Amino acid sequence: MARLGQLERTVMETLWDLAAADPAATFTVRDVAPTLPDHAYTTIHTVLHRLAGKGFVVRIRDGKTHHYRPTGTRESYVTELMQEALATTSDSDAALVHFVKTVPPNQARILREVLSRLEGGSRDKPTP
Amino acid sequence: MIAAALLLAVIVLLVWPTRVLLMGARWTWLAPRAAVALWQAVAVATGTAIITMMFELASTTSAVPDHRRNVTDLTAKAIVSRPIGSSHGHFFSLVAGLIVATLVIGALLVHGIGLIRARAHQQALLDLVGEESTAIPDAVLLGHPRAAAYTVGGRRPRIVVSSGAVDALADDELAAVLAHERAHLRAHHDLVLLPFRCLTSALPRSRALAGVSNDVHALIEMAADDRAIRQCGSGALARAICRMATTDVPASSDGAAVGTPGSWPPVLPASMVTSRVERALRPRRNMRMAAVGSGVSALCVLALPFLALIASVGGR
């Protein structure tokens with residue numbers, strides 16, 4: 001399971017690198033294979049199939065061969081994760097348990113004041 | 001039928017004191033873990049009472065003999081047990097009960113599956129773009145300038161910290177954040193919250209349910225805070241909360257400041273964040289009383305629906 005996860009990541013990283021050079025292009029197993037010399041084509045095919053199932057790559061069939069294209073850049077996935085992490089509505093965050101949510105500006109001001117007091121000379125005083 | 005009436009009484013007995021004594025109550029902050037257990041007990045007992053009451057209603061109405069319907073008996077028992085209208089009444093009460101049960105269970109399932117899917121998607125994304133950190137071996141690092149720290153549940157629960165958070169926090173503050181998140185993982189807080197969140201998303205119009213879900217959420221945050229305070233000190237935790245909550249808020253915002261920063265410990269406007277800061281900075285008071293009180297009430301609450309059923313069997 002963990003090995004497959006690692007493979008998925010490597011394949012995805014390869015696709016991202018390839019797509020960075022040519023964003024409009026699509027890629028085949030043959031294009032990905034050089035970065036995974038220890039693995040058979042069928043394994044890479046399986047991994048790409050799984051990635052397509054998860055929605056991370058689009059699969060385009062061209063005759064006998066399958067062509068693949070990543071659905072987003074690495075940055076877009078990080079942004080997606082962060083957007084869900086930083087969302088202030090209670091709807092979208094149901095899957096996560098946050099450390100703390102960002103507060104509205106009027107609360108931010110007072111929390112900053114508290115913070116500067118805590119950081120000042122009285123750093124240890126407020127602790128009981 | 002007595003059973004159904006008793007169970008209804010149990011539901012009223014559960015809901016009314018809960019609204020008055022438990023919802024939004026500050027005493028629960030003294031012993032958040034015990035208070036969470038009490039909330040769970042209330043939820044389980046209310047659910048059990050409602051479901052058994054519906055089955056009692058359905059089974060008794062259909063089991064009442066025909067001749068009973070014409071007897072003009074004014075005792076409470078007969079009034080309660082008299083079926084509504086004709087024999088269609090049994091059918092309708094049974095169907096209505098089944099429809100309600102199906103809707104509630106269906107909504108819970110749909111939203112539960114939605115949550116599990118959302119979690120799986122998060123995990124899959126983290127598999128692809130999360131980075132390992134040598135400094136924090138048990139957390140996944142996200143390369144993003146904004147500050148975020150959270151826990152994703154699932155088969156492989158994970159702590160996620162953004163590089164923005166690592167940069168913003170002092171070492172002891174980061175340690176407090178991680179201690180807090182590890183406490184969430186260790187106590188499976190995502191699972192504790194899951195049923196409450198499912199209920200809330202299944203019945204989004206219910207302000208009471210949203211309030212309950214918020215309360216439970218605040219309490220598990222406080223329980224995790226307590227652990228972080230024990231491990232890293234209350235100062236580090238309070239600073240970590242303040243910093244994480246304000247780092248991404250623009251400083252030039254001209255919203256009027258609220259609360260009175262002059263006094264110490266500060267008096268802050270009520271919100272989950274500020275109450276956690278206040279709580280970290282105030283000396284701890286007699287937590288044992290609150291914990292024992294919550295624990296004993298939780299046991300009593302759990303026993304209520306079963307006592308009602310036993311009493312009704314004895315009274316038959």
# chains A, B, ... in the order shown; residues from 1 in each chain; ligands from 1
>>> interface_residues(of="chain A", to="chain B", cutoff="8 Å", atoms="only C-alpha atoms", output="mmCIF file with N, CA, C and O atoms, in the first residue's frame")
data_model
loop_
_atom_site.group_PDB
_atom_site.id
_atom_site.type_symbol
_atom_site.label_atom_id
_atom_site.label_comp_id
_atom_site.auth_asym_id
_atom_site.auth_seq_id
_atom_site.Cartn_x
_atom_site.Cartn_y
_atom_site.Cartn_z
ATOM 1 N N GLY A 5 1.629 3.971 -2.984
ATOM 2 C CA GLY A 5 1.485 5.402 -2.762
ATOM 3 C C GLY A 5 2.727 6.148 -3.225
ATOM 4 O O GLY A 5 2.645 7.175 -3.893
ATOM 5 N N GLN A 6 3.883 5.580 -2.905
ATOM 6 C CA GLN A 6 5.150 6.194 -3.301
ATOM 7 C C GLN A 6 5.280 6.220 -4.828
ATOM 8 O O GLN A 6 5.706 7.205 -5.411
ATOM 9 N N GLU A 8 2.797 6.193 -6.978
ATOM 10 C CA GLU A 8 1.851 7.175 -7.506
ATOM 11 C C GLU A 8 2.469 8.560 -7.476
ATOM 12 O O GLU A 8 2.352 9.343 -8.416
ATOM 13 N N ARG A 9 3.146 8.835 -6.373
ATOM 14 C CA ARG A 9 3.771 10.139 -6.209
ATOM 15 C C ARG A 9 4.870 10.358 -7.245
ATOM 16 O O ARG A 9 4.944 11.412 -7.872
ATOM 17 N N MET A 12 3.356 10.869 -10.632
ATOM 18 C CA MET A 12 2.736 12.192 -10.686
ATOM 19 C C MET A 12 3.806 13.273 -10.841
ATOM 20 O O MET A 12 3.645 14.210 -11.630
ATOM 21 N N LYS A 54 -8.608 8.389 -9.136
ATOM 22 C CA LYS A 54 -8.664 9.398 -8.074
ATOM 23 C C LYS A 54 -8.865 10.802 -8.626
ATOM 24 O O LYS A 54 -8.956 11.767 -7.860
ATOM 25 N N ARG A 74 1.148 20.815 -9.182
ATOM 26 C CA ARG A 74 1.403 20.548 -7.775
ATOM 27 C C ARG A 74 0.915 21.730 -6.919
ATOM 28 O O ARG A 74 0.269 21.540 -5.898
ATOM 29 N N TYR A 77 -2.753 21.766 -6.235
ATOM 30 C CA TYR A 77 -3.199 20.806 -5.207
ATOM 31 C C TYR A 77 -2.880 21.324 -3.808
ATOM 32 O O TYR A 77 -3.679 21.171 -2.883
ATOM 33 N N VAL A 78 -1.699 21.923 -3.655
ATOM 34 C CA VAL A 78 -1.360 22.521 -2.352
ATOM 35 C C VAL A 78 -2.379 23.605 -2.017
ATOM 36 O O VAL A 78 -2.890 23.681 -0.899
ATOM 37 N N THR A 79 -2.695 24.432 -3.022
ATOM 38 C CA THR A 79 -3.669 25.503 -2.809
ATOM 39 C C THR A 79 -5.021 24.930 -2.410
ATOM 40 O O THR A 79 -5.683 25.448 -1.514
ATOM 41 N N LEU A 81 -5.625 22.103 -0.877
ATOM 42 C CA LEU A 81 -5.538 21.651 0.515
ATOM 43 C C LEU A 81 -5.605 22.836 1.473
ATOM 44 O O LEU A 81 -6.331 22.807 2.472
ATOM 45 N N MET A 82 -4.862 23.895 1.149
ATOM 46 C CA MET A 82 -4.813 25.040 2.047
ATOM 47 C C MET A 82 -6.150 25.766 2.085
ATOM 48 O O MET A 82 -6.555 26.272 3.124
ATOM 49 N N ALA A 85 -8.185 24.024 4.382
ATOM 50 C CA ALA A 85 -7.679 24.205 5.740
ATOM 51 C C ALA A 85 -8.013 25.588 6.282
ATOM 52 O O ALA A 85 -8.225 25.758 7.476
ATOM 53 N N LEU A 86 -8.075 26.571 5.380
ATOM 54 C CA LEU A 86 -8.267 27.944 5.844
ATOM 55 C C LEU A 86 -9.706 28.412 5.710
ATOM 56 O O LEU A 86 -10.039 29.526 6.100
ATOM 57 N N ASP A 91 -18.946 24.425 6.839
ATOM 58 C CA ASP A 91 -19.372 23.344 5.955
ATOM 59 C C ASP A 91 -18.199 22.545 5.415
ATOM 60 O O ASP A 91 -18.193 21.323 5.472
ATOM 61 N N ALA A 94 -15.519 20.067 7.560
ATOM 62 C CA ALA A 94 -16.006 18.953 8.361
ATOM 63 C C ALA A 94 -15.036 17.782 8.412
ATOM 64 O O ALA A 94 -15.055 17.000 9.347
ATOM 65 N N ALA A 95 -14.166 17.685 7.417
ATOM 66 C CA ALA A 95 -13.265 16.534 7.370
ATOM 67 C C ALA A 95 -12.019 16.735 8.219
ATOM 68 O O ALA A 95 -11.263 15.821 8.441
ATOM 69 N N LEU A 96 -11.825 17.970 8.691
ATOM 70 C CA LEU A 96 -10.574 18.289 9.372
ATOM 71 C C LEU A 96 -10.825 18.750 10.798
ATOM 72 O O LEU A 96 -11.886 19.247 11.120
ATOM 73 N N VAL A 97 -9.809 18.588 11.627
ATOM 74 C CA VAL A 97 -9.832 19.195 12.953
ATOM 75 C C VAL A 97 -8.676 20.191 12.992
ATOM 76 O O VAL A 97 -7.517 19.810 12.944
ATOM 77 N N HIS A 98 -9.004 21.484 13.049
ATOM 78 C CA HIS A 98 -7.995 22.530 12.960
ATOM 79 C C HIS A 98 -7.354 22.804 14.303
ATOM 80 O O HIS A 98 -7.970 22.593 15.333
ATOM 81 N N PHE A 99 -6.153 23.379 14.246
ATOM 82 C CA PHE A 99 -5.568 23.885 15.487
ATOM 83 C C PHE A 99 -6.346 25.118 15.916
ATOM 84 O O PHE A 99 -6.836 25.209 17.032
ATOM 85 N N VAL A 100 -6.469 26.076 15.029
ATOM 86 C CA VAL A 100 -7.254 27.272 15.322
ATOM 87 C C VAL A 100 -7.652 27.891 13.998
ATOM 88 O O VAL A 100 -6.991 27.726 12.979
ATOM 89 N N LYS A 101 -8.798 28.574 14.002
ATOM 90 C CA LYS A 101 -9.236 29.248 12.774
ATOM 91 C C LYS A 101 -8.827 30.705 12.821
ATOM 92 O O LYS A 101 -8.706 31.287 13.901
ATOM 93 N N THR A 102 -8.651 31.292 11.654
ATOM 94 C CA THR A 102 -8.346 32.711 11.589
ATOM 95 C C THR A 102 -9.536 33.507 12.124
ATOM 96 O O THR A 102 -10.683 33.178 11.858
ATOM 97 N N VAL A 103 -9.239 34.538 12.906
ATOM 98 C CA VAL A 103 -10.315 35.312 13.537
ATOM 99 C C VAL A 103 -10.614 36.567 12.726
ATOM 100 O O VAL A 103 -9.779 37.012 11.935
ATOM 101 N N PRO A 104 -11.796 37.178 12.897
ATOM 102 C CA PRO A 104 -12.110 38.440 12.232
ATOM 103 C C PRO A 104 -11.184 39.562 12.726
ATOM 104 O O PRO A 104 -10.638 39.473 13.834
ATOM 105 N N PRO A 105 -11.015 40.613 11.903
ATOM 106 C CA PRO A 105 -10.030 41.666 12.203
ATOM 107 C C PRO A 105 -10.165 42.292 13.594
ATOM 108 O O PRO A 105 -9.151 42.552 14.243
ATOM 109 N N ASN A 106 -11.399 42.511 14.057
ATOM 110 C CA ASN A 106 -11.524 43.180 15.360
ATOM 111 C C ASN A 106 -11.007 42.289 16.489
ATOM 112 O O ASN A 106 -10.469 42.779 17.481
ATOM 113 N N GLN A 107 -11.132 40.975 16.318
ATOM 114 C CA GLN A 107 -10.565 40.065 17.325
ATOM 115 C C GLN A 107 -9.060 39.938 17.144
ATOM 116 O O GLN A 107 -8.324 39.778 18.114
ATOM 117 N N ALA A 108 -8.607 40.028 15.885
ATOM 118 C CA ALA A 108 -7.182 39.885 15.611
ATOM 119 C C ALA A 108 -6.403 40.960 16.335
ATOM 120 O O ALA A 108 -5.341 40.704 16.901
ATOM 121 N N ARG A 109 -6.979 42.187 16.336
ATOM 122 C CA ARG A 109 -6.266 43.302 16.958
ATOM 123 C C ARG A 109 -5.999 43.017 18.435
ATOM 124 O O ARG A 109 -4.884 43.158 18.920
ATOM 125 N N ILE A 110 -7.034 42.562 19.137
ATOM 126 C CA ILE A 110 -6.851 42.342 20.570
ATOM 127 C C ILE A 110 -5.967 41.135 20.841
ATOM 128 O O ILE A 110 -5.157 41.136 21.772
ATOM 129 N N LEU A 111 -6.079 40.120 19.986
ATOM 130 C CA LEU A 111 -5.211 38.953 20.187
ATOM 131 C C LEU A 111 -3.751 39.328 19.957
ATOM 132 O O LEU A 111 -2.853 38.818 20.620
ATOM 133 N N ARG A 112 -3.519 40.261 19.033
ATOM 134 C CA ARG A 112 -2.146 40.727 18.811
ATOM 135 C C ARG A 112 -1.628 41.467 20.035
ATOM 136 O O ARG A 112 -0.454 41.352 20.394
ATOM 137 N N GLU A 113 -2.532 42.239 20.642
ATOM 138 C CA GLU A 113 -2.116 42.946 21.860
ATOM 139 C C GLU A 113 -1.767 41.948 22.956
ATOM 140 O O GLU A 113 -0.759 42.099 23.655
ATOM 141 N N VAL A 114 -2.617 40.939 23.102
ATOM 142 C CA VAL A 114 -2.334 39.890 24.095
ATOM 143 C C VAL A 114 -1.000 39.232 23.791
ATOM 144 O O VAL A 114 -0.169 39.011 24.684
ATOM 145 N N LEU A 115 -0.785 38.965 22.496
ATOM 146 C CA LEU A 115 0.448 38.299 22.076
ATOM 147 C C LEU A 115 1.670 39.141 22.416
ATOM 148 O O LEU A 115 2.658 38.624 22.945
ATOM 149 N N LEU A 118 2.343 38.925 26.002
ATOM 150 C CA LEU A 118 2.914 37.625 26.367
ATOM 151 C C LEU A 118 4.380 37.550 25.976
ATOM 152 O O LEU A 118 5.179 36.906 26.645
ATOM 153 N N GLU A 119 4.718 38.195 24.855
ATOM 154 C CA GLU A 119 6.103 38.141 24.377
ATOM 155 C C GLU A 119 7.004 39.087 25.141
ATOM 156 O O GLU A 119 8.212 38.901 25.172
ATOM 157 N N ARG A 123 6.593 37.496 30.072
ATOM 158 C CA ARG A 123 6.407 36.211 29.394
ATOM 159 C C ARG A 123 6.029 35.091 30.368
ATOM 160 O O ARG A 123 5.163 34.283 30.080
ATOM 161 N N ASP A 124 6.660 35.082 31.507
ATOM 162 C CA ASP A 124 6.393 33.968 32.408
ATOM 163 C C ASP A 124 5.384 34.284 33.492
ATOM 164 O O ASP A 124 4.873 33.398 34.140
ATOM 165 N N PRO A 126 2.164 35.502 33.376
ATOM 166 C CA PRO A 126 0.760 35.098 33.300
ATOM 167 C C PRO A 126 0.549 33.620 33.523
ATOM 168 O O PRO A 126 -0.556 33.194 33.835
ATOM 169 N N THR A 127 1.599 32.823 33.357
ATOM 170 C CA THR A 127 1.384 31.396 33.551
ATOM 171 C C THR A 127 1.255 31.111 35.042
ATOM 172 O O THR A 127 2.065 31.565 35.834
ATOM 173 N N PRO A 128 0.221 30.384 35.414
ATOM 174 C CA PRO A 128 -0.018 30.107 36.829
ATOM 175 C C PRO A 128 1.033 29.181 37.415
ATOM 176 O O PRO A 128 1.568 28.368 36.693
#
>>> select_by_dssp(residues="segment 74-222 of chain B", states="strand (DSSP E or B)", output="list in words")
Glu131, Glu132, Ala139, Val140, Leu141, Leu142, Ala149, Tyr150, Thr151, Val152, Arg158, Ile159, Val160, Val161 and Ser162 of chain B
>>> atom_distance(atom1="atom CA of Leu13 of chain B", atom2="atom CA of Val104 of chain B")
21.8 Å
>>> select_by_dssp(residues="segment 148-251 of chain B", states="alpha helix (DSSP H)", output="ChimeraX atom specification")
/B:163-168,171-186,189-202,207-232,234-246
>>> atom_distance(atom1="atom CA of Arg30 of chain A", atom2="atom CA of Glu131 of chain B")
27.3 Å
>>> atom_distance(atom1="atom CA of Ala291 of chain B", atom2="atom CA of Thr28 of chain B")
8.5 Å
>>> closest_residue(among="B:Val192, B:Ile50, B:Val15, B:Leu38", to="Ala298 of chain B", atoms="only C-alpha atoms")
B:Leu38
>>> residues_around(residues="Pro17 of chain B", least_positions_apart="6", cutoff="12 Å", atoms="only C-alpha atoms", output="PyMOL selection string")
chain B and resi 10-11+23+25+42+297+301
